$ cat structure19.txt   # compact mmCIF, N, CA and C atoms
# COMPACT_ATOMS: atom_id res chain seq x y z
N MET A 18 -10.55 -18.55 -15.43
CA MET A 18 -11.64 -17.74 -14.91
C MET A 18 -11.24 -16.27 -14.95
N SER A 19 -12.11 -15.44 -15.46
CA SER A 19 -11.81 -14.02 -15.56
C SER A 19 -12.14 -13.30 -14.25
N GLY A 20 -11.70 -12.06 -14.16
CA GLY A 20 -11.96 -11.28 -12.95
C GLY A 20 -11.82 -9.79 -13.21
N TRP A 21 -12.19 -9.03 -12.23
CA TRP A 21 -12.13 -7.57 -12.28
C TRP A 21 -11.26 -7.05 -11.15
N THR A 22 -10.56 -5.98 -11.41
CA THR A 22 -9.96 -5.16 -10.36
C THR A 22 -10.72 -3.85 -10.43
N TYR A 23 -11.07 -3.32 -9.27
CA TYR A 23 -11.88 -2.11 -9.24
C TYR A 23 -11.45 -1.19 -8.11
N MET A 24 -11.85 0.09 -8.24
CA MET A 24 -11.57 1.08 -7.21
C MET A 24 -12.85 1.81 -6.89
N LEU A 25 -13.11 1.95 -5.59
CA LEU A 25 -14.29 2.65 -5.12
C LEU A 25 -13.87 3.92 -4.39
N ARG A 26 -14.68 4.97 -4.53
CA ARG A 26 -14.49 6.16 -3.70
C ARG A 26 -15.53 6.06 -2.59
N CYS A 27 -15.07 6.10 -1.36
CA CYS A 27 -15.94 5.97 -0.20
C CYS A 27 -16.49 7.33 0.20
N SER A 28 -17.48 7.32 1.10
CA SER A 28 -18.12 8.57 1.52
C SER A 28 -17.14 9.51 2.23
N ASP A 29 -16.06 8.98 2.81
CA ASP A 29 -15.06 9.83 3.46
C ASP A 29 -13.96 10.25 2.48
N GLN A 30 -14.18 10.03 1.19
CA GLN A 30 -13.27 10.39 0.09
C GLN A 30 -12.01 9.53 0.03
N SER A 31 -11.96 8.45 0.80
CA SER A 31 -10.85 7.51 0.68
C SER A 31 -11.15 6.57 -0.48
N TYR A 32 -10.12 5.84 -0.90
CA TYR A 32 -10.27 4.89 -2.00
C TYR A 32 -10.12 3.48 -1.48
N TYR A 33 -10.92 2.59 -2.03
CA TYR A 33 -10.84 1.16 -1.72
C TYR A 33 -10.57 0.43 -3.02
N VAL A 34 -9.60 -0.46 -3.00
CA VAL A 34 -9.26 -1.25 -4.18
C VAL A 34 -9.56 -2.70 -3.88
N GLY A 35 -10.24 -3.35 -4.81
CA GLY A 35 -10.58 -4.75 -4.62
C GLY A 35 -10.58 -5.49 -5.95
N SER A 36 -10.86 -6.79 -5.87
CA SER A 36 -10.98 -7.60 -7.08
C SER A 36 -12.10 -8.60 -6.86
N THR A 37 -12.68 -9.07 -7.95
CA THR A 37 -13.78 -10.00 -7.86
C THR A 37 -13.80 -10.92 -9.07
N SER A 38 -14.43 -12.07 -8.89
CA SER A 38 -14.59 -13.01 -10.00
C SER A 38 -15.98 -12.89 -10.63
N TYR A 39 -16.83 -11.99 -10.12
CA TYR A 39 -18.15 -11.79 -10.72
C TYR A 39 -18.01 -11.35 -12.17
N GLN A 40 -18.97 -11.76 -13.00
CA GLN A 40 -18.96 -11.34 -14.40
C GLN A 40 -19.27 -9.85 -14.53
N ASP A 41 -20.07 -9.33 -13.60
CA ASP A 41 -20.44 -7.91 -13.60
C ASP A 41 -19.91 -7.27 -12.33
N VAL A 42 -18.99 -6.33 -12.46
CA VAL A 42 -18.38 -5.70 -11.29
C VAL A 42 -19.41 -4.95 -10.45
N GLN A 43 -20.50 -4.48 -11.07
CA GLN A 43 -21.52 -3.75 -10.33
C GLN A 43 -22.16 -4.61 -9.23
N THR A 44 -22.21 -5.91 -9.45
CA THR A 44 -22.74 -6.82 -8.43
C THR A 44 -21.92 -6.71 -7.15
N ARG A 45 -20.60 -6.66 -7.31
CA ARG A 45 -19.72 -6.54 -6.14
C ARG A 45 -19.85 -5.17 -5.50
N VAL A 46 -20.00 -4.12 -6.30
CA VAL A 46 -20.18 -2.76 -5.77
C VAL A 46 -21.46 -2.71 -4.94
N ASP A 47 -22.51 -3.33 -5.45
CA ASP A 47 -23.78 -3.37 -4.71
C ASP A 47 -23.61 -4.09 -3.37
N GLU A 48 -22.82 -5.15 -3.35
CA GLU A 48 -22.56 -5.84 -2.08
C GLU A 48 -21.86 -4.92 -1.09
N HIS A 49 -20.91 -4.11 -1.58
CA HIS A 49 -20.26 -3.13 -0.69
C HIS A 49 -21.29 -2.16 -0.13
N ASN A 50 -22.16 -1.64 -0.99
CA ASN A 50 -23.15 -0.66 -0.54
C ASN A 50 -24.21 -1.26 0.37
N ASP A 51 -24.46 -2.56 0.23
CA ASP A 51 -25.43 -3.24 1.10
C ASP A 51 -24.76 -3.75 2.38
N ALA A 52 -23.46 -3.52 2.53
CA ALA A 52 -22.68 -4.01 3.68
C ALA A 52 -22.89 -5.51 3.88
N LYS A 53 -22.86 -6.24 2.78
CA LYS A 53 -23.04 -7.69 2.84
C LYS A 53 -21.93 -8.35 3.65
N PHE A 54 -20.73 -7.78 3.57
CA PHE A 54 -19.60 -8.28 4.33
C PHE A 54 -19.04 -7.14 5.17
N ILE A 55 -18.68 -7.42 6.41
CA ILE A 55 -18.12 -6.40 7.29
C ILE A 55 -16.67 -6.17 6.89
N GLY A 56 -16.30 -4.91 6.73
CA GLY A 56 -14.94 -4.58 6.34
C GLY A 56 -14.78 -3.08 6.18
N TYR A 57 -13.77 -2.70 5.44
CA TYR A 57 -13.40 -1.29 5.28
C TYR A 57 -14.56 -0.44 4.78
N THR A 58 -15.28 -0.90 3.77
CA THR A 58 -16.31 -0.07 3.16
C THR A 58 -17.62 -0.07 3.93
N SER A 59 -17.84 -1.03 4.81
CA SER A 59 -19.13 -1.12 5.49
C SER A 59 -19.42 0.11 6.35
N SER A 60 -18.40 0.78 6.84
CA SER A 60 -18.60 2.00 7.64
C SER A 60 -18.34 3.26 6.83
N ARG A 61 -18.14 3.13 5.52
CA ARG A 61 -17.83 4.28 4.68
C ARG A 61 -18.79 4.35 3.48
N ARG A 62 -20.02 3.93 3.67
CA ARG A 62 -21.01 3.92 2.60
C ARG A 62 -21.70 5.26 2.49
N PRO A 63 -22.18 5.59 1.34
CA PRO A 63 -22.18 4.81 0.11
C PRO A 63 -20.82 4.89 -0.60
N VAL A 64 -20.55 3.88 -1.40
CA VAL A 64 -19.34 3.86 -2.21
C VAL A 64 -19.73 4.01 -3.68
N VAL A 65 -18.81 4.56 -4.46
CA VAL A 65 -19.05 4.78 -5.89
C VAL A 65 -17.92 4.15 -6.67
N LEU A 66 -18.27 3.39 -7.70
CA LEU A 66 -17.26 2.81 -8.57
C LEU A 66 -16.63 3.93 -9.40
N VAL A 67 -15.30 4.10 -9.28
CA VAL A 67 -14.61 5.16 -10.03
C VAL A 67 -13.65 4.61 -11.08
N TRP A 68 -13.30 3.32 -10.97
CA TRP A 68 -12.40 2.73 -11.96
C TRP A 68 -12.54 1.21 -11.89
N SER A 69 -12.45 0.56 -13.04
CA SER A 69 -12.43 -0.90 -13.06
C SER A 69 -11.74 -1.38 -14.33
N LYS A 70 -11.20 -2.58 -14.25
CA LYS A 70 -10.55 -3.19 -15.41
C LYS A 70 -10.81 -4.69 -15.35
N ARG A 71 -11.18 -5.24 -16.49
CA ARG A 71 -11.43 -6.68 -16.58
C ARG A 71 -10.15 -7.39 -17.01
N PHE A 72 -9.90 -8.54 -16.41
CA PHE A 72 -8.75 -9.37 -16.73
C PHE A 72 -9.24 -10.75 -17.16
N ASP A 73 -8.55 -11.35 -18.11
CA ASP A 73 -8.91 -12.69 -18.57
C ASP A 73 -8.63 -13.75 -17.51
N ASP A 74 -7.66 -13.46 -16.64
CA ASP A 74 -7.27 -14.40 -15.60
C ASP A 74 -7.49 -13.74 -14.24
N LEU A 75 -8.18 -14.41 -13.33
CA LEU A 75 -8.47 -13.87 -12.01
C LEU A 75 -7.19 -13.57 -11.24
N GLN A 76 -6.15 -14.38 -11.42
CA GLN A 76 -4.88 -14.12 -10.72
C GLN A 76 -4.29 -12.79 -11.16
N ASP A 77 -4.43 -12.44 -12.44
CA ASP A 77 -3.96 -11.14 -12.91
C ASP A 77 -4.73 -10.01 -12.24
N ALA A 78 -6.03 -10.21 -12.02
CA ALA A 78 -6.84 -9.21 -11.33
C ALA A 78 -6.37 -9.04 -9.89
N HIS A 79 -6.07 -10.16 -9.22
CA HIS A 79 -5.56 -10.10 -7.84
C HIS A 79 -4.20 -9.40 -7.80
N ASP A 80 -3.34 -9.70 -8.75
CA ASP A 80 -2.02 -9.07 -8.80
C ASP A 80 -2.14 -7.56 -9.00
N ALA A 81 -3.04 -7.14 -9.87
CA ALA A 81 -3.26 -5.70 -10.10
C ALA A 81 -3.79 -5.04 -8.84
N GLU A 82 -4.69 -5.71 -8.14
CA GLU A 82 -5.23 -5.17 -6.88
C GLU A 82 -4.11 -4.91 -5.89
N ARG A 83 -3.23 -5.89 -5.68
CA ARG A 83 -2.13 -5.74 -4.72
C ARG A 83 -1.21 -4.59 -5.11
N ARG A 84 -0.94 -4.48 -6.42
CA ARG A 84 -0.05 -3.43 -6.91
C ARG A 84 -0.67 -2.05 -6.66
N ILE A 85 -1.93 -1.89 -7.01
CA ILE A 85 -2.60 -0.59 -6.88
C ILE A 85 -2.78 -0.21 -5.40
N LYS A 86 -3.01 -1.19 -4.55
CA LYS A 86 -3.15 -0.90 -3.12
C LYS A 86 -1.89 -0.27 -2.55
N GLY A 87 -0.75 -0.53 -3.17
CA GLY A 87 0.51 0.04 -2.69
C GLY A 87 0.77 1.45 -3.20
N TRP A 88 -0.08 1.94 -4.07
CA TRP A 88 0.11 3.27 -4.64
C TRP A 88 -0.38 4.36 -3.69
N GLY A 89 0.17 5.55 -3.88
CA GLY A 89 -0.30 6.72 -3.14
C GLY A 89 -1.57 7.26 -3.76
N ARG A 90 -2.19 8.19 -3.06
CA ARG A 90 -3.46 8.79 -3.49
C ARG A 90 -3.33 9.48 -4.85
N ALA A 91 -2.25 10.22 -5.07
CA ALA A 91 -2.07 10.95 -6.33
C ALA A 91 -2.01 9.99 -7.51
N LYS A 92 -1.35 8.89 -7.35
CA LYS A 92 -1.22 7.92 -8.44
C LYS A 92 -2.57 7.24 -8.71
N LYS A 93 -3.33 6.97 -7.65
CA LYS A 93 -4.66 6.40 -7.83
C LYS A 93 -5.56 7.38 -8.58
N LYS A 94 -5.46 8.68 -8.24
CA LYS A 94 -6.25 9.70 -8.94
C LYS A 94 -5.87 9.76 -10.41
N ALA A 95 -4.60 9.63 -10.72
CA ALA A 95 -4.15 9.64 -12.11
C ALA A 95 -4.72 8.43 -12.86
N LEU A 96 -4.79 7.28 -12.21
CA LEU A 96 -5.37 6.11 -12.83
C LEU A 96 -6.86 6.33 -13.12
N ILE A 97 -7.57 6.88 -12.17
CA ILE A 97 -8.99 7.17 -12.34
C ILE A 97 -9.21 8.13 -13.51
N ALA A 98 -8.34 9.12 -13.62
CA ALA A 98 -8.45 10.13 -14.68
C ALA A 98 -7.89 9.64 -16.02
N SER A 99 -7.38 8.43 -16.06
CA SER A 99 -6.73 7.89 -17.27
C SER A 99 -5.60 8.80 -17.73
N ASP A 100 -4.87 9.35 -16.78
CA ASP A 100 -3.77 10.27 -17.06
C ASP A 100 -2.47 9.47 -17.19
N ALA A 101 -2.18 9.03 -18.40
CA ALA A 101 -0.99 8.19 -18.64
C ALA A 101 0.30 8.93 -18.29
N ALA A 102 0.38 10.21 -18.66
CA ALA A 102 1.58 10.98 -18.36
C ALA A 102 1.76 11.14 -16.85
N GLY A 103 0.67 11.39 -16.15
CA GLY A 103 0.73 11.52 -14.69
C GLY A 103 1.14 10.22 -14.03
N LEU A 104 0.61 9.10 -14.52
CA LEU A 104 0.99 7.79 -13.98
C LEU A 104 2.48 7.54 -14.19
N LYS A 105 2.96 7.88 -15.38
CA LYS A 105 4.38 7.66 -15.68
C LYS A 105 5.25 8.50 -14.76
N GLN A 106 4.87 9.77 -14.57
CA GLN A 106 5.65 10.66 -13.70
C GLN A 106 5.62 10.18 -12.25
N LEU A 107 4.44 9.78 -11.78
CA LEU A 107 4.31 9.32 -10.40
C LEU A 107 4.96 7.96 -10.16
N SER A 108 5.24 7.24 -11.24
CA SER A 108 5.90 5.95 -11.11
C SER A 108 7.41 6.07 -11.00
N LYS A 109 7.93 7.24 -11.31
CA LYS A 109 9.38 7.43 -11.20
C LYS A 109 9.77 7.44 -9.73
N ARG A 110 10.90 6.86 -9.47
CA ARG A 110 11.39 6.73 -8.11
C ARG A 110 12.03 8.04 -7.66
N ARG A 111 11.41 8.72 -6.72
CA ARG A 111 11.95 9.94 -6.11
C ARG A 111 12.53 10.89 -7.15
N ALA A 112 11.70 11.26 -8.10
CA ALA A 112 12.10 12.18 -9.17
C ALA A 112 13.30 11.64 -9.94
N GLY A 113 13.38 10.34 -10.11
CA GLY A 113 14.44 9.72 -10.89
C GLY A 113 15.70 9.40 -10.12
N LYS A 114 15.72 9.74 -8.82
CA LYS A 114 16.91 9.45 -8.02
C LYS A 114 16.96 7.96 -7.71
N PRO A 115 18.16 7.40 -7.60
CA PRO A 115 18.25 5.98 -7.28
C PRO A 115 17.71 5.71 -5.88
N LYS A 116 17.25 4.49 -5.66
CA LYS A 116 16.71 4.10 -4.37
C LYS A 116 17.80 4.16 -3.32
N LYS A 117 17.45 4.68 -2.15
CA LYS A 117 18.41 4.76 -1.06
C LYS A 117 18.72 3.37 -0.54
N ASP A 118 19.87 3.26 0.13
CA ASP A 118 20.20 1.98 0.75
C ASP A 118 19.14 1.67 1.79
N PRO A 119 18.72 0.42 1.87
CA PRO A 119 17.68 0.08 2.84
C PRO A 119 18.21 0.25 4.26
N ARG A 120 17.31 0.55 5.18
CA ARG A 120 17.70 0.66 6.58
C ARG A 120 18.12 -0.71 7.08
N PRO A 121 19.14 -0.76 7.93
CA PRO A 121 19.52 -2.06 8.47
C PRO A 121 18.44 -2.58 9.42
N SER A 122 18.30 -3.87 9.50
CA SER A 122 17.30 -4.46 10.40
C SER A 122 17.76 -4.30 11.85
N LYS A 123 16.82 -4.46 12.76
CA LYS A 123 17.14 -4.38 14.19
C LYS A 123 18.19 -5.44 14.55
N ARG A 124 18.03 -6.61 13.98
CA ARG A 124 18.98 -7.70 14.24
C ARG A 124 20.38 -7.32 13.79
N ALA A 125 20.48 -6.69 12.61
CA ALA A 125 21.79 -6.29 12.09
C ALA A 125 22.42 -5.23 12.98
N LEU A 126 21.61 -4.29 13.47
CA LEU A 126 22.14 -3.26 14.36
C LEU A 126 22.65 -3.86 15.66
N VAL A 127 21.85 -4.74 16.26
CA VAL A 127 22.27 -5.39 17.52
C VAL A 127 23.55 -6.16 17.29
N HIS A 128 23.61 -6.89 16.17
CA HIS A 128 24.81 -7.68 15.88
C HIS A 128 26.03 -6.78 15.71
N SER A 129 25.85 -5.64 15.07
CA SER A 129 27.01 -4.76 14.85
C SER A 129 27.55 -4.22 16.17
N PHE A 130 26.69 -3.94 17.13
CA PHE A 130 27.16 -3.44 18.43
C PHE A 130 27.81 -4.56 19.24
N HIS A 131 27.18 -5.72 19.25
CA HIS A 131 27.72 -6.82 20.05
C HIS A 131 28.99 -7.40 19.46
N SER A 132 29.06 -7.47 18.14
CA SER A 132 30.23 -8.07 17.52
C SER A 132 31.46 -7.18 17.66
N SER A 133 31.26 -5.88 17.79
CA SER A 133 32.41 -4.98 17.92
C SER A 133 32.78 -4.74 19.38
N GLY A 134 31.98 -5.32 20.29
CA GLY A 134 32.27 -5.16 21.71
C GLY A 134 31.79 -3.83 22.26
N SER A 135 31.10 -3.04 21.46
CA SER A 135 30.61 -1.76 21.94
C SER A 135 29.15 -1.88 22.32
N ARG A 136 28.66 -0.87 22.96
CA ARG A 136 27.26 -0.83 23.35
C ARG A 136 26.56 0.28 22.60
N HIS A 137 25.26 0.25 22.63
CA HIS A 137 24.47 1.29 21.98
C HIS A 137 24.88 2.64 22.57
N PRO A 138 25.03 3.68 21.76
CA PRO A 138 25.49 4.98 22.26
C PRO A 138 24.68 5.52 23.42
N GLU A 139 23.38 5.32 23.45
CA GLU A 139 22.57 5.82 24.56
C GLU A 139 22.86 5.07 25.84
N VAL A 140 23.11 3.77 25.75
CA VAL A 140 23.43 2.97 26.93
C VAL A 140 24.81 3.36 27.43
N ARG A 141 25.75 3.56 26.50
CA ARG A 141 27.10 3.94 26.87
C ARG A 141 27.11 5.28 27.61
N ALA A 142 26.25 6.23 27.18
CA ALA A 142 26.22 7.56 27.79
C ALA A 142 25.66 7.49 29.20
N GLN A 143 24.82 6.52 29.52
CA GLN A 143 24.21 6.43 30.83
C GLN A 143 25.17 5.82 31.87
N ARG A 144 26.13 5.06 31.42
CA ARG A 144 27.05 4.41 32.35
C ARG A 144 28.11 5.41 32.80
N ALA A 145 28.45 5.33 34.05
CA ALA A 145 29.49 6.20 34.59
C ALA A 145 30.85 5.63 34.19
N PRO A 146 31.83 6.50 34.00
CA PRO A 146 33.19 6.01 33.68
C PRO A 146 33.70 5.13 34.82
N LYS A 147 34.61 4.18 34.51
CA LYS A 147 35.12 3.22 35.51
C LYS A 147 35.86 3.93 36.65
N ASP A 148 36.58 4.99 36.36
CA ASP A 148 37.36 5.66 37.41
C ASP A 148 36.46 6.46 38.35
N ALA A 149 35.20 6.72 37.97
CA ALA A 149 34.30 7.50 38.83
C ALA A 149 33.53 6.58 39.78
N ARG A 150 33.65 5.28 39.64
CA ARG A 150 32.88 4.33 40.48
C ARG A 150 33.53 4.13 41.81
$ encode --input "structure19.txt" --output "structure tokens"
Amino acid sequence: MSGWTYMLRCSDQSYYVGSTSYQDVQTRVDEHNDAKFIGYTSSRRPVVLVWSKRFDDLQDAHDAERRIKGWGRAKKKALIASDAAGLKQLSKRRAGKPKKDPRPSKRALVHSFHSSGSRHPEVRAQRAPKDAR
């Protein structure tokens, strides 16, 4: 089953990205404008179709939707403008710098303090020294 991934510009100038299995993407855009379903676009009407792409497989359309939803506004604008060079530049990670080490999870931080027998620095600062008690 084929599908579409599409992008709408809402009345507040935000972008909405969606996908549909309709043969004609305009049918789905009309549903957004008619507020057929309550959601993001129902309070931001009218919406305008600014970009769409047809996929032979609906799952590919869904995958593209999820990917584009994670993009920033500038990259979405480059896609709308069909700016291949802009998309390529905006796809580079932090101007080509390697990805930073991920932040440790809360669990890892708690474990590191408890396993070393120390306490969180803020908790340690609040406690009075043993000789002052």
$ axis_aligned_box --input "structure19.txt" --around "stretch 117-128 of chain A" --padding-each-side "4 Å" --output "AutoDock Vina command-line options"
--center_x 21.4 --center_y -1.5 --center_z 7.7 --size_x 17.2 --size_y 20.5 --size_z 27.7
$ closest_residue --input "structure19.txt" --among "A:His128, A:Arg110, A:Arg45, A:Arg26" --to "A:Arg61" --atoms "all atoms listed in the file"
A:Arg26
$ residues_around --input "structure19.txt" --residues "A:Ser59" --least-positions-apart "2" --cutoff "12 Å" --atoms "only C-alpha atoms" --output "PyMOL selection string"
chain A and resi 27-29+33+46-57+61-64
$ select_by_dssp --input "structure19.txt" --residues "stretch 28-134 of chain A" --states "strand (DSSP E or B)" --output "number ranges by chain"
A: 32-37, 65-72
$ closest_residue --input "structure19.txt" --among "A:Arg90, A:Ala98, A:Ser19, A:Ile85" --to "A:Asp41" --atoms "only C-alpha atoms"
A:Ser19
$ atom_distance --input "structure19.txt" --atom1 "atom CA of A:Asp73" --atom2 "atom CA of A:Leu25"
21.1 Å
$ closest_residue --input "structure19.txt" --among "A:Gly35, A:Val42, A:Phe72, A:Ser60" --to "A:Gly20" --atoms "all atoms listed in the file"
A:Phe72
$ atom_distance --input "structure19.txt" --atom1 "atom C of A:Thr22" --atom2 "atom N of A:Gly89"
15.8 Å
$ atom_distance --input "structure19.txt" --atom1 "atom C of A:Val34" --atom2 "atom CA of A:Lys105"
21.0 Å
$ closest_residue --input "structure19.txt" --among "A:Thr37, A:Gln43, A:Leu75, A:Trp68" --to "A:Met18" --atoms "all atoms listed in the file"
A:Leu75
$ residues_near_point --input "structure19.txt" --point "(-10.0, -1.4, -16.0)" --cutoff "8 Å" --atoms "only C-alpha atoms" --output "VMD selection string"
chain A and resid 21 to 23 68 to 71
